[in-house]
Amino acid sequence: MLAQPHQTHRQQDPLIWDREAETRPREALEALQLERLRDLVARVAQVPFYRDHFARQAIGPHSIRSLADLRRLPFTTKDDLRAQHPLGFLAVPRGQVARIHGSSGTTGRPTFVAYTKGDLALWSNLCARFLVAGGLRPEHTAQVAFGYGLFTGGFGLHYGIERVGAAVIPVSAGNTRRQIEIMRDLGSDALICTPSYALTIADGARELGLDPRALPIRYGFFGGEPWTEDMRREIEDQLDIVATNNYGLSEVIGPGVSGECPARAGMHIQEDHFLVECLDPETLEPVPDGEPGELVITTLTREAMPMVRYRTRDIARLDRAPCACGRRTLRMSRVTGRTDDMLIIRGVNVFPSQIEEALLRVEGTTPHYLIEVARPGTLDEVHVKVEIRPELFSDRMDRMQALCERISREIQTVAGIRAHVDLVEPQHIERFVGKAKRVHDRRNLTD
Amino acid sequence: MKLQQLSVFLENRPGRLGAPLEAIAAAGINILTLSLADTAQFGILRLIVREWDKAKAILEQAGWIVNLTEVVAVEVPDRPGGLAGVLDVIEGAELNIEYVYAFSLRRDDKAVLIFRFEHPDQAIQVLLGQGLHVIDGDELMGYVG
């Protein structure tokens with residue numbers, strides 16, 4: 001079922017991993033998409049959420065006569081996934097599940113995403129497409145500085161690199177000094193991490209008295225958090241590398257939904273596997289090409305947990321113009337914002353409701369709080385300002401410090417990030433009529 | 001025998017210490033002594049004042065969080081070794097001190113130590129048993145006039 005590249009293609013043209021799929025003429029692509037969409041509608045009838053909806057609306061594979069009929073299908077939201085916790089969206093027997101990843105939940109419980117063997121093969125192939133587009137070659141060595149775990153970044157890229165035939169060093173996240181030593185000892189050609197971590201590595205090299213430009217890496221594949229063209233210039237200049245952007249989300253598959261080519265004029269969406277709509281988040285009507293809208297993704301070929309019209313909450317623009325690289329797929333801009341209040345902190349998705357949950361656990365009630373995010377150097381820093389309440393105030397400093405530590409620990413448990421807890425005097429956090437403003441993001445993350 | 005100490009939560013930034021002290025002064029309340037414990041981010045201001053209930057009401061009215069704690073005042077000779085002698089007694093009795101601060105009186109060559117004990121009543125019994133001078137509120141106010 002999966003389009004596998006032929007060995008000969010790779011040898012003939014090393015610049016496009018999956019030439020047939022990535023350069024397919026529009027008409028042929030749409031025919032393939034339509035066929036796969038019909039098949040998807042049949043397959044997701046195994047999932048109660050979709051089956052019930054289809055039954056109410058009398059929808060079946062026969063309802064899909066053209067790609068425009070996609071709009072007859074229901075949306076799927078993160079709340080829907082949460083309501084079916086843990087694996088209510090499984091469309092195959094549990095025995096066929098080969099791996100389970102998770103994304104951060106809004107109150108500490110991860111949302112699980114299941115993969116069949118076929119899904120894993122597809123995923124590596126999708127990662128291989130953007131890795132090759134960004135410069136990775138079989139003779140290279142790639143260092144993965146994404147965390148290995150429930151988070152899809154580490155394992156997703158790992159198998160993508162193996163798929164390309166390059167050597168992979170699974171260093172995992174953190175320990176900058178060690179990253180640099182390994183990079184130098186083994187001569188890593190490529191670095192895989194968040195863009196802000198790439199700058200941390202440059203800083204780390206300077207601290208060690210090294211010239212970051214003299215590090216062996218030549219290619220950087222960055223994702224997992226929003227970044228800007230300015231940051232790209234900075235990273236490329238400081239490390240003397242070619243930096244490309246890639247996009248994905250675990251609910252859909254993980255990294256590999258789209259990625260940049262050498263033209264670096266948007267990320268090519270792997271349209272043979274994902275139908276991407278760009279909608280006005282209020283009206284849910286399509287926005288004109290080039291206008292910002294919410295990306296809504298339908299997985300055409302995912303087996304274990306297919307998604308119909310998944311609302312990503314990510315804001316981006318679509319570009320259908322031909323690309324200089326020869327790929328004919330639709331391109332998306334960087335993600336320029338969110339339609340919800342989700343924050344991405346050092347690659348970790350964080351919702352204010354998680355901070356609220358942590359405070360609730362410690363204090364028994366939700367105090368007034370404000371999440372302040374800044375990027376003083378290269379990495380995000382979070383300060384959670386919490387108004388002190390009389391019941392929690394003690395004349396003893398050790399108790400007050402223990403309170404801060406307890407809040408910080410709960411935030412780490414629920415949201416997976418380290419935050420500085422700043423206790424503030426009552427009434428020192430601004431009050432709002434109506435919806436409270438809980439986040440003050442001082443990072444400048446849009447171009 | 002115990003004294004009421006007011007503790008006030010303060011953010012650690014310029015101007016935050018002056019405001020509660022001014023509020024108390026404006027009400028004509030005399031501050032006998034104070035101590036400040038702080039981190040880079042916040043501080044705890046501890047106050048011994050003449051009319052603690054009135055001062056507490058004023059501070060709370062103005063929006064501060066105020067906590068009332070019982071502390072023990074012990075008189076010591078204001079000379080080298082004065083403090084050490086008291087601490088010997090306390091350590092000998094294995095009394096747990098949360099914190100302590102001191103001030104000297106304007107007359108009599110006496111200093112006063114303010115102790116925050118984990119168990120103040122037990123501490124008072126020990127201190128009195130050792131012949132130390134535990135000062136109650138009225139006496140302390142009398143000293144400072």
# chains A, B, ... in the order shown; residues from 1 in each chain; ligands from 1
call {"tool": "interface_residues", "arguments": {"of": "chain B", "to": "chain A", "cutoff": "9 Å", "atoms": "only C-alpha atoms", "output": "PyMOL selection string"}}
result
chain B and resi 6-11+37-39+41-46+63-69+98-99
call {"tool": "write_last_selection", "arguments": {"atoms": "C-alpha atoms", "output": "PDB file, in the first residue's frame"}}
result
ATOM      1  CA  LEU B   6       3.582  40.182  62.352  1.00  0.00           C
ATOM      2  CA  SER B   7       5.049  38.701  59.160  1.00  0.00           C
ATOM      3  CA  VAL B   8       4.376  40.405  55.850  1.00  0.00           C
ATOM      4  CA  PHE B   9       4.956  38.935  52.413  1.00  0.00           C
ATOM      5  CA  LEU B  10       6.896  41.285  50.134  1.00  0.00           C
ATOM      6  CA  GLU B  11       8.111  41.030  46.590  1.00  0.00           C
ATOM      7  CA  ALA B  37      14.437  37.341  55.404  1.00  0.00           C
ATOM      8  CA  ASP B  38      14.695  37.385  51.665  1.00  0.00           C
ATOM      9  CA  THR B  39      15.508  35.506  48.521  1.00  0.00           C
ATOM     10  CA  GLN B  41      12.580  36.987  44.451  1.00  0.00           C
ATOM     11  CA  PHE B  42      10.583  37.616  47.622  1.00  0.00           C
ATOM     12  CA  GLY B  43      11.017  38.561  51.264  1.00  0.00           C
ATOM     13  CA  ILE B  44       9.358  38.026  54.602  1.00  0.00           C
ATOM     14  CA  LEU B  45       9.240  41.129  56.772  1.00  0.00           C
ATOM     15  CA  ARG B  46       8.864  40.349  60.486  1.00  0.00           C
ATOM     16  CA  GLY B  63      -3.773  44.448  50.671  1.00  0.00           C
ATOM     17  CA  TRP B  64      -0.756  42.827  52.311  1.00  0.00           C
ATOM     18  CA  ILE B  65      -0.783  39.273  53.477  1.00  0.00           C
ATOM     19  CA  VAL B  66      -0.007  39.252  57.166  1.00  0.00           C
ATOM     20  CA  ASN B  67       0.652  36.285  59.329  1.00  0.00           C
ATOM     21  CA  LEU B  68       0.629  36.256  63.124  1.00  0.00           C
ATOM     22  CA  THR B  69       3.288  34.239  64.920  1.00  0.00           C
ATOM     23  CA  GLU B  98      13.327  28.457  63.446  1.00  0.00           C
ATOM     24  CA  TYR B  99      15.015  31.850  63.413  1.00  0.00           C
TER      25      TYR B  99
END
call {"tool": "residues_around", "arguments": {"residues": "Asn96 of chain B", "least_positions_apart": "6", "cutoff": "12 Å", "atoms": "only C-alpha atoms", "output": "number ranges by chain"}}
result
B: 87, 89-90, 115-120, 122-123
call {"tool": "write_last_selection", "arguments": {"atoms": "N, CA and C atoms", "output": "PDB file, in the first residue's frame"}}
result
ATOM      1  N   LEU B  87      22.220  30.813  74.048  1.00  0.00           N
ATOM      2  CA  LEU B  87      22.188  29.728  73.054  1.00  0.00           C
ATOM      3  C   LEU B  87      22.632  28.405  73.666  1.00  0.00           C
ATOM      4  N   VAL B  89      22.013  27.381  76.645  1.00  0.00           N
ATOM      5  CA  VAL B  89      20.843  26.847  77.345  1.00  0.00           C
ATOM      6  C   VAL B  89      19.893  26.194  76.338  1.00  0.00           C
ATOM      7  N   ILE B  90      19.653  26.900  75.244  1.00  0.00           N
ATOM      8  CA  ILE B  90      18.690  26.418  74.248  1.00  0.00           C
ATOM      9  C   ILE B  90      19.181  25.133  73.594  1.00  0.00           C
ATOM     10  N   PHE B 115      13.079  35.085  69.575  1.00  0.00           N
ATOM     11  CA  PHE B 115      13.200  33.711  69.075  1.00  0.00           C
ATOM     12  C   PHE B 115      11.884  33.239  68.465  1.00  0.00           C
ATOM     13  N   ARG B 116      12.002  32.597  67.342  1.00  0.00           N
ATOM     14  CA  ARG B 116      10.859  31.862  66.810  1.00  0.00           C
ATOM     15  C   ARG B 116      11.188  30.399  67.054  1.00  0.00           C
ATOM     16  N   PHE B 117      10.538  29.817  68.097  1.00  0.00           N
ATOM     17  CA  PHE B 117      10.763  28.409  68.418  1.00  0.00           C
ATOM     18  C   PHE B 117       9.706  27.554  67.751  1.00  0.00           C
ATOM     19  N   GLU B 118      10.064  26.312  67.530  1.00  0.00           N
ATOM     20  CA  GLU B 118       9.066  25.390  67.014  1.00  0.00           C
ATOM     21  C   GLU B 118       7.977  25.200  68.079  1.00  0.00           C
ATOM     22  N   HIS B 119       8.394  25.059  69.351  1.00  0.00           N
ATOM     23  CA  HIS B 119       7.432  24.888  70.448  1.00  0.00           C
ATOM     24  C   HIS B 119       7.673  25.974  71.495  1.00  0.00           C
ATOM     25  N   PRO B 120       7.046  27.124  71.334  1.00  0.00           N
ATOM     26  CA  PRO B 120       7.368  28.270  72.200  1.00  0.00           C
ATOM     27  C   PRO B 120       7.064  28.021  73.678  1.00  0.00           C
ATOM     28  N   GLN B 122       7.088  25.258  75.485  1.00  0.00           N
ATOM     29  CA  GLN B 122       8.121  24.402  76.054  1.00  0.00           C
ATOM     30  C   GLN B 122       9.412  25.203  76.235  1.00  0.00           C
ATOM     31  N   ALA B 123       9.731  26.047  75.238  1.00  0.00           N
ATOM     32  CA  ALA B 123      10.958  26.837  75.286  1.00  0.00           C
ATOM     33  C   ALA B 123      10.923  27.795  76.465  1.00  0.00           C
TER      34      ALA B 123
END
call {"tool": "select_by_dssp", "arguments": {"residues": "segment 319-418 of chain A", "states": "alpha helix (DSSP H)", "output": "PyMOL selection string"}}
result
chain A and resi 352-363+397-415
call {"tool": "write_last_selection", "arguments": {"atoms": "N, CA and C atoms", "output": "PDB file, in the first residue's frame"}}
result
ATOM      1  N   PRO A 352      -1.774  26.330  29.252  1.00  0.00           N
ATOM      2  CA  PRO A 352      -1.969  27.003  30.543  1.00  0.00           C
ATOM      3  C   PRO A 352      -2.793  26.149  31.513  1.00  0.00           C
ATOM      4  N   SER A 353      -3.709  25.363  30.977  1.00  0.00           N
ATOM      5  CA  SER A 353      -4.526  24.529  31.870  1.00  0.00           C
ATOM      6  C   SER A 353      -3.673  23.521  32.640  1.00  0.00           C
ATOM      7  N   GLN A 354      -2.518  23.144  32.084  1.00  0.00           N
ATOM      8  CA  GLN A 354      -1.623  22.235  32.814  1.00  0.00           C
ATOM      9  C   GLN A 354      -1.005  22.939  34.013  1.00  0.00           C
ATOM     10  N   ILE A 355      -0.640  24.190  33.814  1.00  0.00           N
ATOM     11  CA  ILE A 355      -0.070  24.972  34.916  1.00  0.00           C
ATOM     12  C   ILE A 355      -1.148  25.127  36.000  1.00  0.00           C
ATOM     13  N   GLU A 356      -2.368  25.366  35.530  1.00  0.00           N
ATOM     14  CA  GLU A 356      -3.487  25.523  36.453  1.00  0.00           C
ATOM     15  C   GLU A 356      -3.695  24.247  37.267  1.00  0.00           C
ATOM     16  N   GLU A 357      -3.614  23.118  36.578  1.00  0.00           N
ATOM     17  CA  GLU A 357      -3.774  21.818  37.236  1.00  0.00           C
ATOM     18  C   GLU A 357      -2.695  21.631  38.321  1.00  0.00           C
ATOM     19  N   ALA A 358      -1.461  22.002  37.974  1.00  0.00           N
ATOM     20  CA  ALA A 358      -0.351  21.861  38.927  1.00  0.00           C
ATOM     21  C   ALA A 358      -0.584  22.732  40.152  1.00  0.00           C
ATOM     22  N   LEU A 359      -1.040  23.953  39.921  1.00  0.00           N
ATOM     23  CA  LEU A 359      -1.290  24.865  41.043  1.00  0.00           C
ATOM     24  C   LEU A 359      -2.432  24.340  41.906  1.00  0.00           C
ATOM     25  N   LEU A 360      -3.418  23.784  41.246  1.00  0.00           N
ATOM     26  CA  LEU A 360      -4.557  23.217  41.953  1.00  0.00           C
ATOM     27  C   LEU A 360      -4.113  22.076  42.864  1.00  0.00           C
ATOM     28  N   ARG A 361      -3.214  21.262  42.347  1.00  0.00           N
ATOM     29  CA  ARG A 361      -2.734  20.119  43.135  1.00  0.00           C
ATOM     30  C   ARG A 361      -2.016  20.584  44.386  1.00  0.00           C
ATOM     31  N   VAL A 362      -1.254  21.667  44.270  1.00  0.00           N
ATOM     32  CA  VAL A 362      -0.472  22.136  45.411  1.00  0.00           C
ATOM     33  C   VAL A 362      -1.343  22.940  46.366  1.00  0.00           C
ATOM     34  N   GLU A 363      -2.146  23.819  45.792  1.00  0.00           N
ATOM     35  CA  GLU A 363      -2.828  24.796  46.643  1.00  0.00           C
ATOM     36  C   GLU A 363      -4.260  24.398  46.985  1.00  0.00           C
ATOM     37  N   MET A 397      11.013  31.008  56.139  1.00  0.00           N
ATOM     38  CA  MET A 397      11.554  31.008  54.784  1.00  0.00           C
ATOM     39  C   MET A 397      11.632  29.596  54.206  1.00  0.00           C
ATOM     40  N   ASP A 398      11.980  28.614  55.056  1.00  0.00           N
ATOM     41  CA  ASP A 398      12.111  27.247  54.526  1.00  0.00           C
ATOM     42  C   ASP A 398      10.763  26.746  53.993  1.00  0.00           C
ATOM     43  N   ARG A 399       9.669  27.115  54.688  1.00  0.00           N
ATOM     44  CA  ARG A 399       8.344  26.691  54.205  1.00  0.00           C
ATOM     45  C   ARG A 399       7.989  27.382  52.890  1.00  0.00           C
ATOM     46  N   MET A 400       8.359  28.653  52.791  1.00  0.00           N
ATOM     47  CA  MET A 400       8.048  29.398  51.567  1.00  0.00           C
ATOM     48  C   MET A 400       8.830  28.838  50.387  1.00  0.00           C
ATOM     49  N   GLN A 401      10.088  28.487  50.634  1.00  0.00           N
ATOM     50  CA  GLN A 401      10.881  27.923  49.542  1.00  0.00           C
ATOM     51  C   GLN A 401      10.376  26.536  49.168  1.00  0.00           C
ATOM     52  N   ALA A 402       9.951  25.794  50.199  1.00  0.00           N
ATOM     53  CA  ALA A 402       9.401  24.464  49.925  1.00  0.00           C
ATOM     54  C   ALA A 402       8.132  24.584  49.069  1.00  0.00           C
ATOM     55  N   LEU A 403       7.349  25.636  49.331  1.00  0.00           N
ATOM     56  CA  LEU A 403       6.127  25.855  48.549  1.00  0.00           C
ATOM     57  C   LEU A 403       6.479  26.081  47.072  1.00  0.00           C
ATOM     58  N   CYS A 404       7.470  26.943  46.839  1.00  0.00           N
ATOM     59  CA  CYS A 404       7.896  27.204  45.451  1.00  0.00           C
ATOM     60  C   CYS A 404       8.368  25.916  44.794  1.00  0.00           C
ATOM     61  N   GLU A 405       9.149  25.140  45.531  1.00  0.00           N
ATOM     62  CA  GLU A 405       9.680  23.894  44.961  1.00  0.00           C
ATOM     63  C   GLU A 405       8.561  22.906  44.666  1.00  0.00           C
ATOM     64  N   ARG A 406       7.564  22.863  45.562  1.00  0.00           N
ATOM     65  CA  ARG A 406       6.461  21.931  45.357  1.00  0.00           C
ATOM     66  C   ARG A 406       5.679  22.311  44.097  1.00  0.00           C
ATOM     67  N   ILE A 407       5.447  23.600  43.920  1.00  0.00           N
ATOM     68  CA  ILE A 407       4.725  24.049  42.717  1.00  0.00           C
ATOM     69  C   ILE A 407       5.541  23.712  41.473  1.00  0.00           C
ATOM     70  N   SER A 408       6.839  23.994  41.546  1.00  0.00           N
ATOM     71  CA  SER A 408       7.718  23.736  40.407  1.00  0.00           C
ATOM     72  C   SER A 408       7.727  22.253  40.044  1.00  0.00           C
ATOM     73  N   ARG A 409       7.740  21.398  41.073  1.00  0.00           N
ATOM     74  CA  ARG A 409       7.754  19.954  40.848  1.00  0.00           C
ATOM     75  C   ARG A 409       6.451  19.485  40.203  1.00  0.00           C
ATOM     76  N   GLU A 410       5.334  20.033  40.674  1.00  0.00           N
ATOM     77  CA  GLU A 410       4.048  19.645  40.082  1.00  0.00           C
ATOM     78  C   GLU A 410       3.965  20.087  38.623  1.00  0.00           C
ATOM     79  N   ILE A 411       4.499  21.282  38.340  1.00  0.00           N
ATOM     80  CA  ILE A 411       4.481  21.769  36.954  1.00  0.00           C
ATOM     81  C   ILE A 411       5.296  20.821  36.078  1.00  0.00           C
ATOM     82  N   GLN A 412       6.434  20.385  36.631  1.00  0.00           N
ATOM     83  CA  GLN A 412       7.278  19.445  35.885  1.00  0.00           C
ATOM     84  C   GLN A 412       6.517  18.137  35.631  1.00  0.00           C
ATOM     85  N   THR A 413       5.803  17.670  36.644  1.00  0.00           N
ATOM     86  CA  THR A 413       5.062  16.412  36.511  1.00  0.00           C
ATOM     87  C   THR A 413       3.927  16.545  35.493  1.00  0.00           C
ATOM     88  N   VAL A 414       3.174  17.621  35.602  1.00  0.00           N
ATOM     89  CA  VAL A 414       1.980  17.757  34.767  1.00  0.00           C
ATOM     90  C   VAL A 414       2.327  18.226  33.360  1.00  0.00           C
ATOM     91  N   ALA A 415       3.216  19.218  33.267  1.00  0.00           N
ATOM     92  CA  ALA A 415       3.460  19.844  31.968  1.00  0.00           C
ATOM     93  C   ALA A 415       4.788  19.415  31.342  1.00  0.00           C
TER      94      ALA A 415
END
call {"tool": "residues_around", "arguments": {"residues": "His420 of chain A", "least_positions_apart": "3", "cutoff": "7 Å", "atoms": "only C-alpha atoms", "output": "list in words"}}
result
Val382, His383, Val384 and Ser408 of chain A
call {"tool": "atom_distance", "arguments": {"atom1": "atom CA of Gly293 of chain A", "atom2": "atom CA of Leu279 of chain A"}}
result
4.9 Å
call {"tool": "residues_around", "arguments": {"residues": "Ala27 of chain B", "least_positions_apart": "2", "cutoff": "12 Å", "atoms": "only C-alpha atoms", "output": "number ranges by chain"}}
result
B: 20-25, 29-31, 49-52, 54-59
call {"tool": "write_last_selection", "arguments": {"atoms": "C-alpha atoms", "output": "PDB file, in the first residue's frame"}}
result
ATOM      1  CA  PRO B  20       4.180  48.712  54.802  1.00  0.00           C
ATOM      2  CA  LEU B  21       6.445  50.526  57.278  1.00  0.00           C
ATOM      3  CA  GLU B  22       5.018  53.850  56.152  1.00  0.00           C
ATOM      4  CA  ALA B  23       1.469  52.539  56.481  1.00  0.00           C
ATOM      5  CA  ILE B  24       2.144  51.562  60.089  1.00  0.00           C
ATOM      6  CA  ALA B  25       3.945  54.813  60.862  1.00  0.00           C
ATOM      7  CA  ILE B  29       2.186  52.790  65.617  1.00  0.00           C
ATOM      8  CA  ASN B  30       5.705  52.366  66.921  1.00  0.00           C
ATOM      9  CA  ILE B  31       7.841  49.595  65.473  1.00  0.00           C
ATOM     10  CA  VAL B  49       5.004  46.521  67.004  1.00  0.00           C
ATOM     11  CA  ARG B  50       3.249  48.059  69.927  1.00  0.00           C
ATOM     12  CA  GLU B  51      -0.334  47.538  68.738  1.00  0.00           C
ATOM     13  CA  TRP B  52      -0.048  44.444  66.646  1.00  0.00           C
ATOM     14  CA  LYS B  54      -4.247  47.455  64.841  1.00  0.00           C
ATOM     15  CA  ALA B  55      -1.132  47.211  62.647  1.00  0.00           C
ATOM     16  CA  LYS B  56      -2.321  43.893  61.250  1.00  0.00           C
ATOM     17  CA  ALA B  57      -5.702  45.346  60.363  1.00  0.00           C
ATOM     18  CA  ILE B  58      -4.083  48.340  58.663  1.00  0.00           C
ATOM     19  CA  LEU B  59      -1.726  46.187  56.616  1.00  0.00           C
TER      20      LEU B  59
END
call {"tool": "select_by_dssp", "arguments": {"residues": "segment 95-334 of chain A", "states": "strand (DSSP E or B)", "output": "MDAnalysis selection string"}}
result
chainID A and resid 97:103 111:116 141:144 167:169 190:193 219:222 242:249 254:260 267:269 274:279 286 293:299 310:316 318:319 331:332
call {"tool": "residues_around", "arguments": {"residues": "segment 333-335 of chain A", "least_positions_apart": "6", "cutoff": "10 Å", "atoms": "only C-alpha atoms", "output": "PyMOL selection string"}}
result
chain A and resi 225-229+245-247+259-260+264-268+290+292-295+313-319+445-447
call {"tool": "write_last_selection", "arguments": {"atoms": "N, CA and C atoms", "output": "PDB file, in the first residue's frame"}}
result
ATOM      1  N   GLU A 225       9.309  23.332  17.392  1.00  0.00           N
ATOM      2  CA  GLU A 225       8.932  24.600  18.022  1.00  0.00           C
ATOM      3  C   GLU A 225       8.936  25.689  16.952  1.00  0.00           C
ATOM      4  N   PRO A 226       8.199  26.771  17.192  1.00  0.00           N
ATOM      5  CA  PRO A 226       8.172  27.845  16.196  1.00  0.00           C
ATOM      6  C   PRO A 226       9.507  28.585  16.143  1.00  0.00           C
ATOM      7  N   TRP A 227       9.888  28.996  14.958  1.00  0.00           N
ATOM      8  CA  TRP A 227      11.094  29.823  14.806  1.00  0.00           C
ATOM      9  C   TRP A 227      10.920  30.735  13.611  1.00  0.00           C
ATOM     10  N   THR A 228      11.898  31.593  13.399  1.00  0.00           N
ATOM     11  CA  THR A 228      11.737  32.648  12.398  1.00  0.00           C
ATOM     12  C   THR A 228      12.893  32.603  11.387  1.00  0.00           C
ATOM     13  N   GLU A 229      12.727  33.383  10.322  1.00  0.00           N
ATOM     14  CA  GLU A 229      13.812  33.504   9.326  1.00  0.00           C
ATOM     15  C   GLU A 229      15.054  34.121   9.975  1.00  0.00           C
ATOM     16  N   ASN A 245      13.642  23.526   7.876  1.00  0.00           N
ATOM     17  CA  ASN A 245      12.519  23.439   8.806  1.00  0.00           C
ATOM     18  C   ASN A 245      11.681  22.219   8.441  1.00  0.00           C
ATOM     19  N   ASN A 246      11.162  21.523   9.447  1.00  0.00           N
ATOM     20  CA  ASN A 246      10.223  20.447   9.145  1.00  0.00           C
ATOM     21  C   ASN A 246       9.074  20.509  10.127  1.00  0.00           C
ATOM     22  N   TYR A 247       7.963  19.902   9.736  1.00  0.00           N
ATOM     23  CA  TYR A 247       6.722  20.057  10.498  1.00  0.00           C
ATOM     24  C   TYR A 247       6.008  18.727  10.638  1.00  0.00           C
ATOM     25  N   GLY A 259       8.199  19.296   4.995  1.00  0.00           N
ATOM     26  CA  GLY A 259       9.572  19.712   5.252  1.00  0.00           C
ATOM     27  C   GLY A 259      10.098  20.520   4.063  1.00  0.00           C
ATOM     28  N   GLU A 260      11.164  21.258   4.325  1.00  0.00           N
ATOM     29  CA  GLU A 260      11.693  22.155   3.300  1.00  0.00           C
ATOM     30  C   GLU A 260      12.615  21.442   2.317  1.00  0.00           C
ATOM     31  N   ARG A 264      13.860  26.314  -0.011  1.00  0.00           N
ATOM     32  CA  ARG A 264      13.470  26.855   1.291  1.00  0.00           C
ATOM     33  C   ARG A 264      12.416  27.953   1.167  1.00  0.00           C
ATOM     34  N   ALA A 265      11.409  27.629   0.382  1.00  0.00           N
ATOM     35  CA  ALA A 265      10.299  28.562   0.180  1.00  0.00           C
ATOM     36  C   ALA A 265       9.026  27.881   0.657  1.00  0.00           C
ATOM     37  N   GLY A 266       9.029  27.456   1.884  1.00  0.00           N
ATOM     38  CA  GLY A 266       7.895  26.735   2.439  1.00  0.00           C
ATOM     39  C   GLY A 266       8.195  25.254   2.546  1.00  0.00           C
ATOM     40  N   MET A 267       7.371  24.560   3.320  1.00  0.00           N
ATOM     41  CA  MET A 267       7.590  23.130   3.541  1.00  0.00           C
ATOM     42  C   MET A 267       6.655  22.324   2.648  1.00  0.00           C
ATOM     43  N   HIS A 268       7.234  21.403   1.897  1.00  0.00           N
ATOM     44  CA  HIS A 268       6.446  20.546   1.005  1.00  0.00           C
ATOM     45  C   HIS A 268       5.606  19.573   1.824  1.00  0.00           C
ATOM     46  N   GLY A 290      -2.468  31.525   0.410  1.00  0.00           N
ATOM     47  CA  GLY A 290      -1.603  32.631   0.794  1.00  0.00           C
ATOM     48  C   GLY A 290      -2.082  33.368   2.026  1.00  0.00           C
ATOM     49  N   PRO A 292      -3.405  33.342   5.997  1.00  0.00           N
ATOM     50  CA  PRO A 292      -3.241  32.459   7.152  1.00  0.00           C
ATOM     51  C   PRO A 292      -4.552  31.810   7.577  1.00  0.00           C
ATOM     52  N   GLY A 293      -4.466  30.564   7.945  1.00  0.00           N
ATOM     53  CA  GLY A 293      -5.643  29.835   8.418  1.00  0.00           C
ATOM     54  C   GLY A 293      -5.198  28.644   9.241  1.00  0.00           C
ATOM     55  N   GLU A 294      -6.163  27.958   9.833  1.00  0.00           N
ATOM     56  CA  GLU A 294      -5.835  26.790  10.650  1.00  0.00           C
ATOM     57  C   GLU A 294      -5.659  25.572   9.756  1.00  0.00           C
ATOM     58  N   LEU A 295      -4.574  24.845   9.960  1.00  0.00           N
ATOM     59  CA  LEU A 295      -4.341  23.628   9.184  1.00  0.00           C
ATOM     60  C   LEU A 295      -5.223  22.513   9.730  1.00  0.00           C
ATOM     61  N   ARG A 313      -4.910  23.323  15.143  1.00  0.00           N
ATOM     62  CA  ARG A 313      -4.810  24.609  15.865  1.00  0.00           C
ATOM     63  C   ARG A 313      -3.576  25.409  15.436  1.00  0.00           C
ATOM     64  N   ASP A 314      -2.818  24.858  14.504  1.00  0.00           N
ATOM     65  CA  ASP A 314      -1.654  25.582  13.990  1.00  0.00           C
ATOM     66  C   ASP A 314      -2.091  26.515  12.856  1.00  0.00           C
ATOM     67  N   ILE A 315      -1.611  27.741  12.912  1.00  0.00           N
ATOM     68  CA  ILE A 315      -1.907  28.723  11.869  1.00  0.00           C
ATOM     69  C   ILE A 315      -0.732  28.773  10.889  1.00  0.00           C
ATOM     70  N   ALA A 316      -1.039  28.635   9.599  1.00  0.00           N
ATOM     71  CA  ALA A 316       0.004  28.729   8.564  1.00  0.00           C
ATOM     72  C   ALA A 316      -0.671  29.157   7.261  1.00  0.00           C
ATOM     73  N   ARG A 317       0.125  29.347   6.220  1.00  0.00           N
ATOM     74  CA  ARG A 317      -0.408  29.714   4.906  1.00  0.00           C
ATOM     75  C   ARG A 317      -0.029  28.618   3.912  1.00  0.00           C
ATOM     76  N   LEU A 318      -0.852  28.459   2.888  1.00  0.00           N
ATOM     77  CA  LEU A 318      -0.549  27.456   1.867  1.00  0.00           C
ATOM     78  C   LEU A 318      -0.118  28.146   0.570  1.00  0.00           C
ATOM     79  N   ASP A 319       0.745  27.467  -0.170  1.00  0.00           N
ATOM     80  CA  ASP A 319       1.252  28.014  -1.431  1.00  0.00           C
ATOM     81  C   ASP A 319       1.219  26.914  -2.483  1.00  0.00           C
ATOM     82  N   LEU A 445       8.507  35.375  17.967  1.00  0.00           N
ATOM     83  CA  LEU A 445       8.622  34.155  17.168  1.00  0.00           C
ATOM     84  C   LEU A 445       7.974  34.229  15.809  1.00  0.00           C
ATOM     85  N   THR A 446       7.547  35.416  15.425  1.00  0.00           N
ATOM     86  CA  THR A 446       6.973  35.501  14.083  1.00  0.00           C
ATOM     87  C   THR A 446       7.838  36.422  13.232  1.00  0.00           C
ATOM     88  N   ASP A 447       7.882  36.103  11.968  1.00  0.00           N
ATOM     89  CA  ASP A 447       8.707  36.899  11.050  1.00  0.00           C
ATOM     90  C   ASP A 447       8.105  38.277  10.853  1.00  0.00           C
TER      91      ASP A 447
END
call {"tool": "closest_residue", "arguments": {"among": "A:Pro306, A:Pro74, A:Gly88, A:Gly256", "to": "Thr111 of chain A", "atoms": "only C-alpha atoms"}}
result
A:Gly88
call {"tool": "closest_residue", "arguments": {"among": "B:Arg16, B:Leu127, B:Leu105, B:Gln4", "to": "Pro77 of chain B", "atoms": "only C-alpha atoms"}}
result
B:Leu105
call {"tool": "closest_residue", "arguments": {"among": "B:Tyr143, B:Ser35, B:Asp108, B:Ala26", "to": "Arg79 of chain B", "atoms": "only C-alpha atoms"}}
result
B:Asp108
call {"tool": "closest_residue", "arguments": {"among": "A:Lys437, A:Arg163, A:Arg51, A:Arg43", "to": "Pro93 of chain A", "atoms": "only C-alpha atoms"}}
result
A:Arg43
call {"tool": "closest_residue", "arguments": {"among": "A:Asp441, A:Thr176, A:Glu22, A:Tyr115", "to": "Glu207 of chain A", "atoms": "only C-alpha atoms"}}
result
A:Thr176
